[in-house]
>>> print(open('entry03.cif').read())   # mmCIF, C-alpha atoms
data_model
#
loop_
_atom_site.group_PDB
_atom_site.id
_atom_site.type_symbol
_atom_site.label_atom_id
_atom_site.label_comp_id
_atom_site.auth_asym_id
_atom_site.auth_seq_id
_atom_site.Cartn_x
_atom_site.Cartn_y
_atom_site.Cartn_z
ATOM 1 C CA MET A 1 28.440 -8.645 18.991
ATOM 2 C CA ALA A 2 25.329 -10.833 18.504
ATOM 3 C CA THR A 3 23.410 -8.596 20.934
ATOM 4 C CA ASP A 4 24.423 -5.514 18.940
ATOM 5 C CA THR A 5 23.317 -7.173 15.707
ATOM 6 C CA ARG A 6 20.005 -8.242 17.227
ATOM 7 C CA GLU A 7 19.422 -4.714 18.562
ATOM 8 C CA ARG A 8 20.244 -3.158 15.170
ATOM 9 C CA ILE A 9 17.758 -5.456 13.462
ATOM 10 C CA LEU A 10 15.118 -4.700 16.107
ATOM 11 C CA VAL A 11 15.564 -0.931 15.765
ATOM 12 C CA ALA A 12 15.429 -1.165 11.970
ATOM 13 C CA GLY A 13 12.364 -3.406 12.157
ATOM 14 C CA ILE A 14 10.518 -1.018 14.448
ATOM 15 C CA ALA A 15 11.205 1.879 12.075
ATOM 16 C CA CYS A 16 10.133 -0.106 9.006
ATOM 17 C CA PHE A 17 6.969 -1.470 10.621
ATOM 18 C CA ALA A 18 6.042 1.995 11.892
ATOM 19 C CA GLU A 19 6.482 3.444 8.420
ATOM 20 C CA ASP A 20 5.050 0.684 6.215
ATOM 21 C CA GLY A 21 3.071 -1.595 8.524
ATOM 22 C CA PHE A 22 3.502 -5.340 8.762
ATOM 23 C CA SER A 23 2.294 -6.150 5.260
ATOM 24 C CA GLY A 24 4.292 -3.349 3.640
ATOM 25 C CA THR A 25 7.562 -4.294 5.321
ATOM 26 C CA THR A 26 9.825 -6.918 3.831
ATOM 27 C CA THR A 27 12.627 -8.788 5.542
ATOM 28 C CA ARG A 28 14.933 -7.522 2.798
ATOM 29 C CA LYS A 29 14.103 -3.913 3.643
ATOM 30 C CA VAL A 30 14.689 -4.487 7.367
ATOM 31 C CA ALA A 31 17.898 -6.420 6.744
ATOM 32 C CA SER A 32 19.173 -3.673 4.454
ATOM 33 C CA ALA A 33 18.298 -0.961 7.008
ATOM 34 C CA ALA A 34 20.091 -2.939 9.731
ATOM 35 C CA GLY A 35 23.120 -3.664 7.559
ATOM 36 C CA VAL A 36 22.695 -7.448 7.736
ATOM 37 C CA ASN A 37 21.509 -10.170 5.407
ATOM 38 C CA VAL A 38 18.087 -11.825 5.548
ATOM 39 C CA ALA A 39 19.579 -15.016 6.999
ATOM 40 C CA THR A 40 20.934 -13.054 9.965
ATOM 41 C CA LEU A 41 17.495 -11.548 10.563
ATOM 42 C CA ALA A 42 15.969 -15.034 10.415
ATOM 43 C CA TYR A 43 18.617 -16.375 12.798
ATOM 44 C CA HIS A 44 17.777 -13.756 15.442
ATOM 45 C CA PHE A 45 13.994 -13.522 15.001
ATOM 46 C CA GLY A 46 12.864 -16.470 12.902
ATOM 47 C CA GLY A 47 11.460 -14.137 10.250
ATOM 48 C CA LYS A 48 9.230 -11.109 9.865
ATOM 49 C CA ALA A 49 6.493 -12.288 12.254
ATOM 50 C CA GLY A 50 9.014 -12.990 15.021
ATOM 51 C CA LEU A 51 10.608 -9.590 14.526
ATOM 52 C CA TYR A 52 7.191 -7.920 14.641
ATOM 53 C CA LEU A 53 6.336 -9.612 17.956
ATOM 54 C CA ALA A 54 9.747 -8.660 19.345
ATOM 55 C CA ALA A 55 9.141 -5.038 18.304
ATOM 56 C CA ILE A 56 5.817 -4.963 20.137
ATOM 57 C CA ASP A 57 7.273 -6.648 23.204
ATOM 58 C CA HIS A 58 10.155 -4.186 23.218
ATOM 59 C CA LEU A 59 7.826 -1.222 23.774
ATOM 60 C CA TYR A 60 5.882 -2.934 26.533
ATOM 61 C CA GLU A 61 9.051 -4.170 28.240
ATOM 62 C CA GLN A 62 10.315 -0.592 28.313
ATOM 63 C CA LEU A 63 6.968 0.613 29.627
ATOM 64 C CA ARG A 64 7.008 -2.046 32.334
ATOM 65 C CA ASP A 65 10.494 -0.925 33.358
ATOM 66 C CA VAL A 66 9.345 2.649 34.055
ATOM 67 C CA GLN A 67 9.209 2.966 37.826
ATOM 68 C CA PRO A 68 7.642 6.281 38.835
ATOM 69 C CA ASP A 69 8.599 7.587 42.262
ATOM 70 C CA LEU A 70 5.191 8.705 43.497
ATOM 71 C CA ALA A 71 6.543 9.608 46.931
ATOM 72 C CA ALA A 72 8.775 12.244 45.322
ATOM 73 C CA ALA A 73 5.969 13.489 43.072
ATOM 74 C CA GLY A 74 4.406 15.791 45.627
ATOM 75 C CA GLY A 75 2.009 15.615 48.503
ATOM 76 C CA THR A 76 -1.369 15.975 46.877
ATOM 77 C CA PRO A 77 -3.112 13.503 44.585
ATOM 78 C CA ALA A 78 -3.221 16.215 41.901
ATOM 79 C CA GLU A 79 0.554 16.674 42.079
ATOM 80 C CA ARG A 80 1.111 12.921 41.811
ATOM 81 C CA VAL A 81 -1.280 12.581 38.862
ATOM 82 C CA GLU A 82 0.445 15.502 37.139
ATOM 83 C CA THR A 83 3.869 13.930 37.632
ATOM 84 C CA LEU A 84 2.676 10.581 36.318
ATOM 85 C CA LEU A 85 0.932 12.110 33.299
ATOM 86 C CA ARG A 86 4.002 14.149 32.375
ATOM 87 C CA LEU A 87 6.157 11.030 32.710
ATOM 88 C CA ALA A 88 3.769 9.064 30.466
ATOM 89 C CA PHE A 89 3.690 11.778 27.789
ATOM 90 C CA ARG A 90 7.460 12.158 27.767
ATOM 91 C CA PHE A 91 7.845 8.386 27.560
ATOM 92 C CA ALA A 92 5.472 8.301 24.586
ATOM 93 C CA ARG A 93 7.310 11.182 22.888
ATOM 94 C CA ALA A 94 10.635 9.406 23.398
ATOM 95 C CA HIS A 95 9.162 6.244 21.851
ATOM 96 C CA GLN A 96 7.238 7.827 18.969
ATOM 97 C CA THR A 97 8.243 5.236 16.413
ATOM 98 C CA LYS A 98 7.025 2.364 18.585
ATOM 99 C CA ILE A 99 3.774 4.197 19.316
ATOM 100 C CA ARG A 100 3.318 4.711 15.563
ATOM 101 C CA LEU A 101 3.849 0.991 15.013
ATOM 102 C CA LEU A 102 1.049 0.144 17.458
ATOM 103 C CA LEU A 103 -1.313 2.782 16.082
ATOM 104 C CA ARG A 104 -0.617 1.623 12.535
ATOM 105 C CA HIS A 105 -1.445 -1.933 13.599
ATOM 106 C CA VAL A 106 -4.765 -0.822 15.091
ATOM 107 C CA LEU A 107 -5.627 1.166 11.961
ATOM 108 C CA GLU A 108 -4.730 -1.706 9.634
ATOM 109 C CA GLN A 109 -6.134 -4.584 11.692
ATOM 110 C CA GLY A 110 -8.928 -2.869 13.606
ATOM 111 C CA SER A 111 -7.611 -3.999 16.986
ATOM 112 C CA LEU A 112 -4.552 -4.186 19.163
ATOM 113 C CA PRO A 113 -2.097 -6.967 18.419
ATOM 114 C CA SER A 114 -3.354 -10.123 20.144
ATOM 115 C CA ARG A 115 -0.041 -10.332 21.969
ATOM 116 C CA VAL A 116 -0.770 -6.981 23.621
ATOM 117 C CA ARG A 117 -4.249 -8.085 24.695
ATOM 118 C CA ASP A 118 -3.121 -11.527 25.817
ATOM 119 C CA GLU A 119 0.177 -10.749 27.510
ATOM 120 C CA TRP A 120 0.516 -7.066 28.358
ATOM 121 C CA ILE A 121 -2.790 -5.337 29.103
ATOM 122 C CA SER A 122 -3.687 -7.260 32.261
ATOM 123 C CA GLU A 123 -0.167 -6.838 33.679
ATOM 124 C CA LEU A 124 -0.200 -3.102 33.053
ATOM 125 C CA LEU A 125 -3.721 -2.675 34.430
ATOM 126 C CA GLU A 126 -2.766 -4.550 37.611
ATOM 127 C CA ARG A 127 0.217 -2.271 37.989
ATOM 128 C CA VAL A 128 -1.877 0.868 37.543
ATOM 129 C CA GLU A 129 -4.510 -0.457 39.948
ATOM 130 C CA GLY A 130 -1.764 -0.902 42.522
ATOM 131 C CA MET A 131 -0.578 2.651 41.924
ATOM 132 C CA TRP A 132 -4.106 4.047 42.335
ATOM 133 C CA VAL A 133 -3.804 4.098 46.125
ATOM 134 C CA GLY A 134 -0.296 5.589 45.886
ATOM 135 C CA LEU A 135 -1.717 8.372 43.768
ATOM 136 C CA GLY A 136 -4.231 9.128 46.514
ATOM 137 C CA LEU A 137 -7.186 8.781 44.172
ATOM 138 C CA PRO A 138 -10.645 7.888 45.430
ATOM 139 C CA PRO A 139 -12.243 4.606 44.323
ATOM 140 C CA ASP A 140 -13.687 4.944 40.832
ATOM 141 C CA PRO A 141 -15.474 2.148 38.969
ATOM 142 C CA ALA A 142 -14.707 3.865 35.645
ATOM 143 C CA TRP A 143 -10.954 4.231 36.215
ATOM 144 C CA LYS A 144 -10.019 1.794 33.430
ATOM 145 C CA LEU A 145 -12.073 3.688 30.857
ATOM 146 C CA LYS A 146 -10.584 6.988 32.012
ATOM 147 C CA LEU A 147 -7.106 5.490 31.728
ATOM 148 C CA LEU A 148 -7.912 4.294 28.201
ATOM 149 C CA THR A 149 -9.067 7.804 27.291
ATOM 150 C CA LEU A 150 -5.802 9.285 28.522
ATOM 151 C CA ASN A 151 -3.817 6.586 26.748
ATOM 152 C CA HIS A 152 -5.454 7.462 23.427
ATOM 153 C CA LEU A 153 -4.857 11.173 23.904
ATOM 154 C CA VAL A 154 -1.258 10.722 25.011
ATOM 155 C CA SER A 155 -0.512 8.349 22.127
ATOM 156 C CA ARG A 156 -2.049 10.537 19.458
ATOM 157 C CA TYR A 157 -0.454 13.738 20.676
ATOM 158 C CA ALA A 158 2.911 12.040 21.180
ATOM 159 C CA ILE A 159 3.209 11.137 17.514
ATOM 160 C CA SER A 160 2.062 14.546 16.267
ATOM 161 C CA GLU A 161 4.687 16.825 14.791
ATOM 162 C CA PRO A 162 4.980 20.444 16.030
ATOM 163 C CA PRO A 163 3.749 22.014 12.743
ATOM 164 C CA ASP A 164 0.551 19.960 13.003
ATOM 165 C CA LEU A 165 -0.053 21.127 16.570
ATOM 166 C CA ALA A 166 1.061 24.750 16.220
ATOM 167 C CA PRO A 167 -2.262 26.106 14.876
ATOM 168 C CA PHE A 168 -4.019 24.817 17.999
ATOM 169 C CA VAL A 169 -1.710 26.085 20.747
ATOM 170 C CA ALA A 170 -0.060 29.328 21.730
ATOM 171 C CA GLY A 171 3.700 29.608 22.004
ATOM 172 C CA SER A 172 6.644 28.134 20.209
ATOM 173 C CA GLU A 173 6.662 24.755 22.014
ATOM 174 C CA PRO A 174 3.484 22.916 20.990
ATOM 175 C CA HIS A 175 4.357 19.741 22.868
ATOM 176 C CA ALA A 176 4.823 21.675 26.106
ATOM 177 C CA ALA A 177 1.367 23.190 25.676
ATOM 178 C CA ILE A 178 -0.093 19.782 24.849
ATOM 179 C CA GLU A 179 1.547 18.284 27.932
ATOM 180 C CA ASP A 180 -0.007 20.991 30.112
ATOM 181 C CA HIS A 181 -3.382 20.379 28.454
ATOM 182 C CA LEU A 182 -3.110 16.629 29.089
ATOM 183 C CA VAL A 183 -2.483 17.350 32.772
ATOM 184 C CA GLU A 184 -5.680 19.429 32.856
ATOM 185 C CA VAL A 185 -7.603 16.622 31.157
ATOM 186 C CA ALA A 186 -6.239 14.019 33.591
ATOM 187 C CA LEU A 187 -7.097 16.138 36.604
ATOM 188 C CA GLY A 188 -10.595 16.685 35.206
ATOM 189 C CA LEU A 189 -11.108 12.983 34.524
ATOM 190 C CA PHE A 190 -10.018 12.039 37.994
ATOM 191 C CA VAL A 191 -11.984 14.921 39.576
ATOM 192 C CA LEU A 192 -9.025 16.536 41.293
#
>>> encode(input="entry03.cif", output="structure tokens")
Amino acid sequence: MATDTRERILVAGIACFAEDGFSGTTTRKVASAAGVNVATLAYHFGGKAGLYLAAIDHLYEQLRDVQPDLAAAGGTPAERVETLLRLAFRFARAHQTKIRLLLRHVLEQGSLPSRVRDEWISELLERVEGMWVGLGLPPDPAWKLKLLTLNHLVSRYAISEPPDLAPFVAGSEPHAAIEDHLVEVALGLFVL
């Protein structure tokens, strides 16, 4: 029961922070959205700042738990990069609200949350560096910058709504066209 309550508060907090940012979100609004009182929110998270950190951690914990099967992704480096890019875009689409929360933070504060820089970036970069060989990619001193470029594109497109994308792509499924385009961009960046 306590786990369900904590999860409800977390989900409500993520939605509120994504919509109104940290400063525009109140504990009362989150508590109301979660169907609890403010004291219950404080019990589980210590307050708004604790909930905000938990919301950020939640996204990165889910990202860390994604375990791509590169061996099943195909034989060529291009096939493996395509599989990984599609997985990343679909993950971002499935977690739009959390991506919006992070983008809102960057827009409001001018930088990533310090928790992301201090606790998550190095772990994720080490993981990607380890996957580089599994992808069959040649050594590239600019790989981190290329990864950052893809991250920005994936994040921005993932939070875009179909009507906003429709004027730029052919067909009735804008996100499918965007996903294909992102694959082309990734293959071009990694010279495959």
>>> closest_residue(input="entry03.cif", among="A:Thr149, A:Asn37, A:Thr26, A:Thr3", to="Leu182 of chain A", atoms="all atoms listed in the file")
A:Thr149
>>> residues_around(input="entry03.cif", residues="Leu84 of chain A", least_positions_apart="5", cutoff="10 Å", atoms="only C-alpha atoms", output="PDB file with C-alpha atoms, in the frame of the given file")
ATOM      1  CA  PRO A  68       7.642   6.281  38.835  1.00  0.00           C
ATOM      2  CA  ASP A  69       8.599   7.587  42.262  1.00  0.00           C
ATOM      3  CA  LEU A  70       5.191   8.705  43.497  1.00  0.00           C
ATOM      4  CA  ALA A  73       5.969  13.489  43.072  1.00  0.00           C
ATOM      5  CA  ALA A  78      -3.221  16.215  41.901  1.00  0.00           C
ATOM      6  CA  GLU A  79       0.554  16.674  42.079  1.00  0.00           C
ATOM      7  CA  PHE A  89       3.690  11.778  27.789  1.00  0.00           C
ATOM      8  CA  ARG A  90       7.460  12.158  27.767  1.00  0.00           C
ATOM      9  CA  LEU A 135      -1.717   8.372  43.768  1.00  0.00           C
ATOM     10  CA  VAL A 183      -2.483  17.350  32.772  1.00  0.00           C
ATOM     11  CA  ALA A 186      -6.239  14.019  33.591  1.00  0.00           C
TER      12      ALA A 186
END
>>> atom_distance(input="entry03.cif", atom1="atom CA of Gly134 of chain A", atom2="atom CA of Arg64 of chain A")
17.2 Å
>>> resolve_selection(input="entry03.cif", expression="the PyMOL selection byres ((chain A and resi 77) around 8)", output="JSON, numbers by chain")
{"A": [74, 75, 76, 78, 79, 80, 81, 135, 136, 137, 192]}
>>> resolve_selection(input="entry03.cif", expression="the PyMOL selection byres ((chain A and resi 91) around 10)", output="mmCIF file with C-alpha atoms, in the coordinates of the input")
data_model
loop_
_atom_site.group_PDB
_atom_site.id
_atom_site.type_symbol
_atom_site.label_atom_id
_atom_site.label_comp_id
_atom_site.auth_asym_id
_atom_site.auth_seq_id
_atom_site.Cartn_x
_atom_site.Cartn_y
_atom_site.Cartn_z
ATOM 1 C CA GLN A 62 10.315 -0.592 28.313
ATOM 2 C CA LEU A 63 6.968 0.613 29.627
ATOM 3 C CA VAL A 66 9.345 2.649 34.055
ATOM 4 C CA LEU A 85 0.932 12.110 33.299
ATOM 5 C CA ARG A 86 4.002 14.149 32.375
ATOM 6 C CA LEU A 87 6.157 11.030 32.710
ATOM 7 C CA ALA A 88 3.769 9.064 30.466
ATOM 8 C CA PHE A 89 3.690 11.778 27.789
ATOM 9 C CA ARG A 90 7.460 12.158 27.767
ATOM 10 C CA ALA A 92 5.472 8.301 24.586
ATOM 11 C CA ARG A 93 7.310 11.182 22.888
ATOM 12 C CA ALA A 94 10.635 9.406 23.398
ATOM 13 C CA HIS A 95 9.162 6.244 21.851
ATOM 14 C CA GLN A 96 7.238 7.827 18.969
ATOM 15 C CA VAL A 154 -1.258 10.722 25.011
ATOM 16 C CA SER A 155 -0.512 8.349 22.127
ATOM 17 C CA ALA A 158 2.911 12.040 21.180
#
>>> residues_near_point(input="entry03.cif", point="(-0.6, -1.5, 13.9)", cutoff="12 Å", atoms="all atoms listed in the file", output="PyMOL selection string")
chain A and resi 14+16-24+52-53+55-56+97-116
>>> residues_around(input="entry03.cif", residues="segment 139-146 of chain A", least_positions_apart="4", cutoff="8 Å", atoms="all atoms listed in the file", output="ChimeraX atom specification")
/A:125,150,189-190
>>> atom_distance(input="entry03.cif", atom1="atom CA of Ala39 of chain A", atom2="atom CA of Glu119 of chain A")
28.6 Å
>>> atom_distance(input="entry03.cif", atom1="atom CA of Val191 of chain A", atom2="atom CA of Trp132 of chain A")
13.7 Å
>>> residues_around(input="entry03.cif", residues="Ala34 of chain A", least_positions_apart="4", cutoff="9 Å", atoms="only C-alpha atoms", output="JSON list (two decimals) with C-alpha atoms, keeping the file's coordinate frame")
[["chain", "number", "residue", "atom", "x", "y", "z"],
["A", 5, "THR", "CA", 23.32, -7.17, 15.71],
["A", 8, "ARG", "CA", 20.24, -3.16, 15.17],
["A", 9, "ILE", "CA", 17.76, -5.46, 13.46],
["A", 10, "LEU", "CA", 15.12, -4.70, 16.11],
["A", 11, "VAL", "CA", 15.56, -0.93, 15.76],
["A", 12, "ALA", "CA", 15.43, -1.16, 11.97],
["A", 13, "GLY", "CA", 12.36, -3.41, 12.16],
["A", 29, "LYS", "CA", 14.10, -3.91, 3.64],
["A", 30, "VAL", "CA", 14.69, -4.49, 7.37]]
>>> closest_residue(input="entry03.cif", among="A:Ser172, A:Thr40, A:Asn151, A:Thr83", to="Thr27 of chain A", atoms="all atoms listed in the file")
A:Thr40
>>> resolve_selection(input="entry03.cif", expression="the PyMOL selection byres ((chain A and resi 175) around 9)", output="list in words")
Tyr157, Ala158, Ser160, Glu161, Pro162, Leu165, Ala166, Glu173, Pro174, Ala176, Ala177, Ile178, Glu179 and Asp180 of chain A
>>> build_atoms(input="entry03.cif", residues="segment 160-172 of chain A", atoms="N, CA and C atoms", output="mmCIF file, keeping the file's coordinate frame")
data_model
loop_
_atom_site.group_PDB
_atom_site.id
_atom_site.type_symbol
_atom_site.label_atom_id
_atom_site.label_comp_id
_atom_site.auth_asym_id
_atom_site.auth_seq_id
_atom_site.Cartn_x
_atom_site.Cartn_y
_atom_site.Cartn_z
ATOM 1 N N SER A 160 2.319 13.354 17.084
ATOM 2 C CA SER A 160 2.062 14.546 16.267
ATOM 3 C C SER A 160 3.314 15.407 16.181
ATOM 4 N N GLU A 161 3.532 15.948 15.011
ATOM 5 C CA GLU A 161 4.687 16.825 14.791
ATOM 6 C C GLU A 161 4.305 18.265 15.146
ATOM 7 N N PRO A 162 5.265 19.066 15.627
ATOM 8 C CA PRO A 162 4.980 20.444 16.030
ATOM 9 C C PRO A 162 4.210 21.274 15.000
ATOM 10 N N PRO A 163 4.529 21.199 13.690
ATOM 11 C CA PRO A 163 3.749 22.014 12.743
ATOM 12 C C PRO A 163 2.264 21.648 12.700
ATOM 13 N N ASP A 164 1.950 20.381 12.990
ATOM 14 C CA ASP A 164 0.551 19.960 13.003
ATOM 15 C C ASP A 164 -0.187 20.472 14.238
ATOM 16 N N LEU A 165 0.550 20.671 15.313
ATOM 17 C CA LEU A 165 -0.053 21.127 16.570
ATOM 18 C C LEU A 165 -0.070 22.644 16.695
ATOM 19 N N ALA A 166 0.874 23.304 16.050
ATOM 20 C CA ALA A 166 1.061 24.750 16.220
ATOM 21 C C ALA A 166 -0.211 25.574 16.020
ATOM 22 N N PRO A 167 -1.055 25.271 15.036
ATOM 23 C CA PRO A 167 -2.262 26.106 14.876
ATOM 24 C C PRO A 167 -3.231 26.033 16.055
ATOM 25 N N PHE A 168 -3.068 25.038 16.904
ATOM 26 C CA PHE A 168 -4.019 24.817 17.999
ATOM 27 C C PHE A 168 -3.533 25.310 19.353
ATOM 28 N N VAL A 169 -2.265 25.684 19.446
ATOM 29 C CA VAL A 169 -1.710 26.085 20.747
ATOM 30 C C VAL A 169 -0.929 27.385 20.606
ATOM 31 N N ALA A 170 -0.842 28.095 21.705
ATOM 32 C CA ALA A 170 -0.060 29.328 21.730
ATOM 33 C C ALA A 170 1.382 28.989 22.094
ATOM 34 N N GLY A 171 2.302 29.792 21.643
ATOM 35 C CA GLY A 171 3.700 29.608 22.004
ATOM 36 C C GLY A 171 4.473 28.832 20.956
ATOM 37 N N SER A 172 5.756 28.761 21.188
ATOM 38 C CA SER A 172 6.644 28.134 20.209
ATOM 39 C C SER A 172 6.927 26.660 20.517
#
